[in-house]
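Asker: Let me begin by handing over the structure; questions about it come next.
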Amino acid sequence: MGNDNRTVLITGFGPFGEHSVNASWVAVQNLKRRNLLPDVNVHIEEIPVDYQEVSQIVTELWEREDPLLMVHVGVSDFVNKITLEQRAHNTGYYLKDIKGKTPNKECCREEGEECICAGLDMSRVSAEINNADNELQAEVSYAKTGRYLCDFVYYISLSINKSRSAFIHVPPLNQPYTEDQLGEGVAVAISAMLKQLPK
């Protein structure tokens with residue numbers, strides 16, 4: 001059976017602040033380059049740390065690709081494991097993006113619900129990573145997306161389809177994982193997520 005109808009769309013963020021090389025995009029590129037998910041059609045996209053552009057790009061990606069699974073990957077200085085986010089929030093986006101702007105009314109979707117939880121069970125994904133034969137560790141988070149682009153992009157996707165959306169936080173490069181390890185960690189996580197979706 002071909003994989004034409006099993007598209008997994010994975011995004012990573014571009015540079016911002018001290019992250020002139022964003023580990024999230026490095027991890028996503030590594031996964032694609034090494035073909036770590038051979039049984040699905042992997043489409044990757046770098047997205048800017050820009051509220052307005054993210055809102056437009058992600059919505060268009062859903063419409064154009066209709067992915068089986070949309071996975072956003074972001075970097076965080078506050079994690080040292082593969083961190084699987086279970087939910088995202090609609091308001092409180094007071095931090096400025098790379099263009100020095102915040103979203104209108106510091107809100108993702110006007111009149112949207114305040115918090116959306118993913119339909120995927122991230123504790124099962126975390127367990128698969130922790131039980132795999134590698135040096136990676138994972139954990140589930142309900143709050144580490146923060147009120148910045150990571151939470152913002154996740155909320156957009158969850159509002160479109162919460163059953164097929166995910167967010168993975170990775171630590172900065174070599175803190176402690178190498179580029180290859182980050183790519184492998186994201187791949188193992190996505191493989192575990194796909195097991196929860198209908199064939």
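We name chains A, B, ... following the order of the structure tokens; residues begin at 1 in each chain, and ligands are numbered from 1 as shown.
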Give me, as a PDB file with N, CA and C atoms, in the first residue's frame, all polymer residues having an atom no more than 12 Å from Asn104 in chain A, counting only C-alpha atoms and skipping those fewer than 3 positions away in the same chain.
Answerer:
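For reference, part35.pdb as written:
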```pdb
ATOM      1  N   TYR A  51       3.576  36.093  14.605  1.00  0.00           N
ATOM      2  CA  TYR A  51       2.179  35.723  14.841  1.00  0.00           C
ATOM      3  C   TYR A  51       1.334  35.761  13.568  1.00  0.00           C
ATOM      4  N   GLN A  52       1.381  36.855  12.854  1.00  0.00           N
ATOM      5  CA  GLN A  52       0.522  37.016  11.690  1.00  0.00           C
ATOM      6  C   GLN A  52       0.828  35.981  10.610  1.00  0.00           C
ATOM      7  N   SER A  55      -0.237  32.385  11.668  1.00  0.00           N
ATOM      8  CA  SER A  55      -1.683  32.187  11.572  1.00  0.00           C
ATOM      9  C   SER A  55      -2.098  31.890  10.134  1.00  0.00           C
ATOM     10  N   ASN A  90      -5.631  30.206  24.396  1.00  0.00           N
ATOM     11  CA  ASN A  90      -6.091  31.177  23.404  1.00  0.00           C
ATOM     12  C   ASN A  90      -5.644  32.607  23.668  1.00  0.00           C
ATOM     13  N   THR A  91      -5.449  32.974  24.921  1.00  0.00           N
ATOM     14  CA  THR A  91      -5.178  34.376  25.238  1.00  0.00           C
ATOM     15  C   THR A  91      -3.878  34.544  26.027  1.00  0.00           C
ATOM     16  N   GLY A  92      -3.470  35.806  26.176  1.00  0.00           N
ATOM     17  CA  GLY A  92      -2.295  36.125  26.982  1.00  0.00           C
ATOM     18  C   GLY A  92      -1.018  36.273  26.196  1.00  0.00           C
ATOM     19  N   TYR A  93      -1.121  36.500  24.893  1.00  0.00           N
ATOM     20  CA  TYR A  93       0.067  36.602  24.035  1.00  0.00           C
ATOM     21  C   TYR A  93       0.615  38.033  24.026  1.00  0.00           C
ATOM     22  N   TYR A  94       1.290  38.375  25.118  1.00  0.00           N
ATOM     23  CA  TYR A  94       1.838  39.732  25.273  1.00  0.00           C
ATOM     24  C   TYR A  94       3.300  39.827  24.835  1.00  0.00           C
ATOM     25  N   LYS A  96       6.391  39.882  22.362  1.00  0.00           N
ATOM     26  CA  LYS A  96       6.498  40.333  20.977  1.00  0.00           C
ATOM     27  C   LYS A  96       7.271  39.333  20.123  1.00  0.00           C
ATOM     28  N   LYS A 101       5.820  42.583  17.301  1.00  0.00           N
ATOM     29  CA  LYS A 101       4.363  42.694  17.369  1.00  0.00           C
ATOM     30  C   LYS A 101       3.752  41.580  18.207  1.00  0.00           C
ATOM     31  N   CYS A 107      -4.614  37.699  21.479  1.00  0.00           N
ATOM     32  CA  CYS A 107      -5.490  36.533  21.400  1.00  0.00           C
ATOM     33  C   CYS A 107      -5.218  35.772  20.111  1.00  0.00           C
ATOM     34  N   CYS A 108      -5.379  34.464  20.161  1.00  0.00           N
ATOM     35  CA  CYS A 108      -5.168  33.630  18.979  1.00  0.00           C
ATOM     36  C   CYS A 108      -6.416  33.602  18.098  1.00  0.00           C
ATOM     37  N   ARG A 109      -7.534  33.186  18.653  1.00  0.00           N
ATOM     38  CA  ARG A 109      -8.804  33.120  17.933  1.00  0.00           C
ATOM     39  C   ARG A 109      -9.873  33.856  18.738  1.00  0.00           C
ATOM     40  N   GLU A 110     -10.374  34.955  18.210  1.00  0.00           N
ATOM     41  CA  GLU A 110     -11.427  35.678  18.928  1.00  0.00           C
ATOM     42  C   GLU A 110     -12.637  34.765  19.116  1.00  0.00           C
TER      43      GLU A 110
END
```
Asker: Can you pull out every residue from chain A that DSSP, working from the backbone, puts in helix (DSSP H, G or I), and format the result as number ranges by chain?
Answerer: A: 23-33, 51-65, 104-106, 122-131, 149-160, 179-194
Asker: Write out as a Markdown table the residues of range 64-87 of chain A that have any atom within 8 Å of an atom of range 176-195 of chain A, one row each with the nearest atom pair and its distance in Å to one decimal, counting only C-alpha atoms, sorted by chain and then rising number.
Answerer:
```
| residue | atom | partner | partner_atom | distance |
| --- | --- | --- | --- | --- |
| A:Leu69 | CA | A:Leu194 | CA | 7.7 |
| A:Val71 | CA | A:Ile190 | CA | 7.8 |
| A:Asn80 | CA | A:Pro176 | CA | 6.6 |
| A:Ile82 | CA | A:Gly185 | CA | 6.8 |
```
Asker: Point out the residue among A:Leu84, A:Tyr142, A:Gly100, A:Ser159 with the least atom-to-atom distance to Met122 in chain A, counting only C-alpha atoms.
Answerer: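 The answer is A:Leu84, which sits nearest to Met122 in chain A.
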Asker: Find the residue from A:Ala138, A:Leu149, A:Ala132, A:Cys117 that sits nearest to Lys162 in chain A; use only C-alpha atoms when measuring.
Answerer: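 Once distances to Lys162 in chain A are computed over only C-alpha atoms, the minimum belongs to A:Cys117.
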Asker: Ranking A:Val28, A:Leu197, A:Leu9, A:Leu36 by minimum distance to Asp121 in chain A and counting only C-alpha atoms, which one comes first?
Answerer: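 Of A:Val28, A:Leu197, A:Leu9, A:Leu36, the one nearest Asp121 in chain A is A:Leu197, counting only C-alpha atoms.
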Asker: Would you give me, as a PyMOL selection string, the residues in range 19-178 of chain A that DSSP reads as strand (DSSP E or B)?
Answerer: chain A and resi 19+41-47+69-75+82-85+87-89+91+107+115-117+138-141+165-170
Asker: Using C-alpha atoms, can you export the residues from the last selection as a CSV table (one decimal), in the first residue's frame?
Answerer:
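Generated file (selection-v8.csv):
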```
chain,number,residue,atom,x,y,z
A,19,HIS,CA,18.5,31.0,18.9
A,41,ASN,CA,4.7,11.0,3.2
A,42,VAL,CA,6.6,13.5,5.3
A,43,HIS,CA,6.2,17.2,4.4
A,44,ILE,CA,8.3,19.7,6.4
A,45,GLU,CA,7.9,23.5,6.7
A,46,GLU,CA,9.9,26.1,8.4
A,47,ILE,CA,7.7,28.8,9.9
A,69,LEU,CA,-1.2,14.5,11.4
A,70,MET,CA,0.2,18.0,11.9
A,71,VAL,CA,3.1,18.1,14.3
A,72,HIS,CA,4.7,21.4,15.4
A,73,VAL,CA,8.2,21.3,16.9
A,74,GLY,CA,9.6,24.2,18.9
A,75,VAL,CA,12.7,24.8,21.0
A,82,ILE,CA,11.5,15.5,24.5
A,83,THR,CA,8.5,17.3,25.9
A,84,LEU,CA,5.0,16.5,24.6
A,85,GLU,CA,2.5,19.3,25.0
A,87,ARG,CA,-2.9,21.5,25.5
A,88,ALA,CA,-2.7,25.1,24.2
A,89,HIS,CA,-4.3,28.4,25.2
A,91,THR,CA,-5.2,34.4,25.2
A,107,CYS,CA,-5.5,36.5,21.4
A,115,CYS,CA,-7.9,26.0,26.4
A,116,ILE,CA,-7.9,23.1,24.0
A,117,CYS,CA,-6.6,19.7,24.8
A,138,ALA,CA,10.4,12.2,27.3
A,139,GLU,CA,7.8,13.8,29.5
A,140,VAL,CA,4.3,15.2,29.1
A,141,SER,CA,3.6,18.9,29.7
A,165,SER,CA,-2.5,17.9,16.0
A,166,ALA,CA,0.6,17.7,18.2
A,167,PHE,CA,3.3,19.8,19.6
A,168,ILE,CA,6.8,18.7,20.6
A,169,HIS,CA,9.3,20.8,22.5
A,170,VAL,CA,13.0,20.0,22.1
```
Asker: Hey, what's within 12 Å of Arg64 in chain A if we count only C-alpha atoms and toss same-chain stuff fewer than 4 positions away? As an mmCIF file with N, CA and C atoms, in the first residue's frame, please?
Answerer:
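Generated output (result-v6.cif):
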```
data_model
loop_
_atom_site.group_PDB
_atom_site.id
_atom_site.type_symbol
_atom_site.label_atom_id
_atom_site.label_comp_id
_atom_site.auth_asym_id
_atom_site.auth_seq_id
_atom_site.Cartn_x
_atom_site.Cartn_y
_atom_site.Cartn_z
ATOM 1 N N THR A 7 -0.083 11.689 4.799
ATOM 2 C CA THR A 7 0.857 12.797 4.890
ATOM 3 C C THR A 7 0.992 13.259 6.331
ATOM 4 N N LEU A 9 2.652 16.300 8.297
ATOM 5 C CA LEU A 9 3.229 17.620 8.081
ATOM 6 C C LEU A 9 3.912 18.067 9.371
ATOM 7 N N HIS A 43 6.102 15.849 4.954
ATOM 8 C CA HIS A 43 6.247 17.196 4.397
ATOM 9 C C HIS A 43 6.722 18.099 5.534
ATOM 10 N N ILE A 57 -0.006 30.932 7.501
ATOM 11 C CA ILE A 57 0.689 29.772 6.927
ATOM 12 C C ILE A 57 0.084 28.457 7.411
ATOM 13 N N VAL A 58 -0.138 28.351 8.706
ATOM 14 C CA VAL A 58 -0.623 27.076 9.262
ATOM 15 C C VAL A 58 -2.031 26.760 8.760
ATOM 16 N N THR A 59 -2.879 27.772 8.698
ATOM 17 C CA THR A 59 -4.228 27.556 8.170
ATOM 18 C C THR A 59 -4.165 27.091 6.722
ATOM 19 N N GLU A 60 -3.299 27.713 5.927
ATOM 20 C CA GLU A 60 -3.147 27.319 4.520
ATOM 21 C C GLU A 60 -2.583 25.905 4.384
#
```
Asker: Would you list the contacts of Pro48 in chain A as a list in words, taking every protein, DNA or RNA residue within 8 Å and counting only C-alpha atoms, but skipping same-chain residues closer than 3 positions in sequence?
Answerer: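 Near Pro48 in chain A, the qualifying residues are Phe13, Gly14, Pro15, Glu53 and Val54 of chain A.
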Asker: Could you take the residues named above and write them with C-alpha atoms, as a compact mmCIF listing (two decimals), in the first residue's frame?
Answerer:
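See result16.txt below for the written result:
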```txt
# COMPACT_ATOMS: atom_id res chain seq x y z
CA PHE A 13 10.57 27.44 13.75
CA GLY A 14 13.06 29.84 12.26
CA PRO A 15 15.61 31.89 14.24
CA GLU A 53 2.49 34.84 9.30
CA VAL A 54 2.09 31.73 11.45
```
Asker: Between A:Ala127, A:Ile98, A:Ile156, A:Ala118, which has the minimum distance to Val49 in chain A (counting only C-alpha atoms)?
Answerer: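 Looking only at the distances to Val49 in chain A, the closest residue turns out to be A:Ile98.
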Asker: Would you mind telling me which residue in A:Val21, A:Arg164, A:Val8, A:Val40 lies nearest to Glu65 in chain A when using only C-alpha atoms?
Answerer: A:Val8
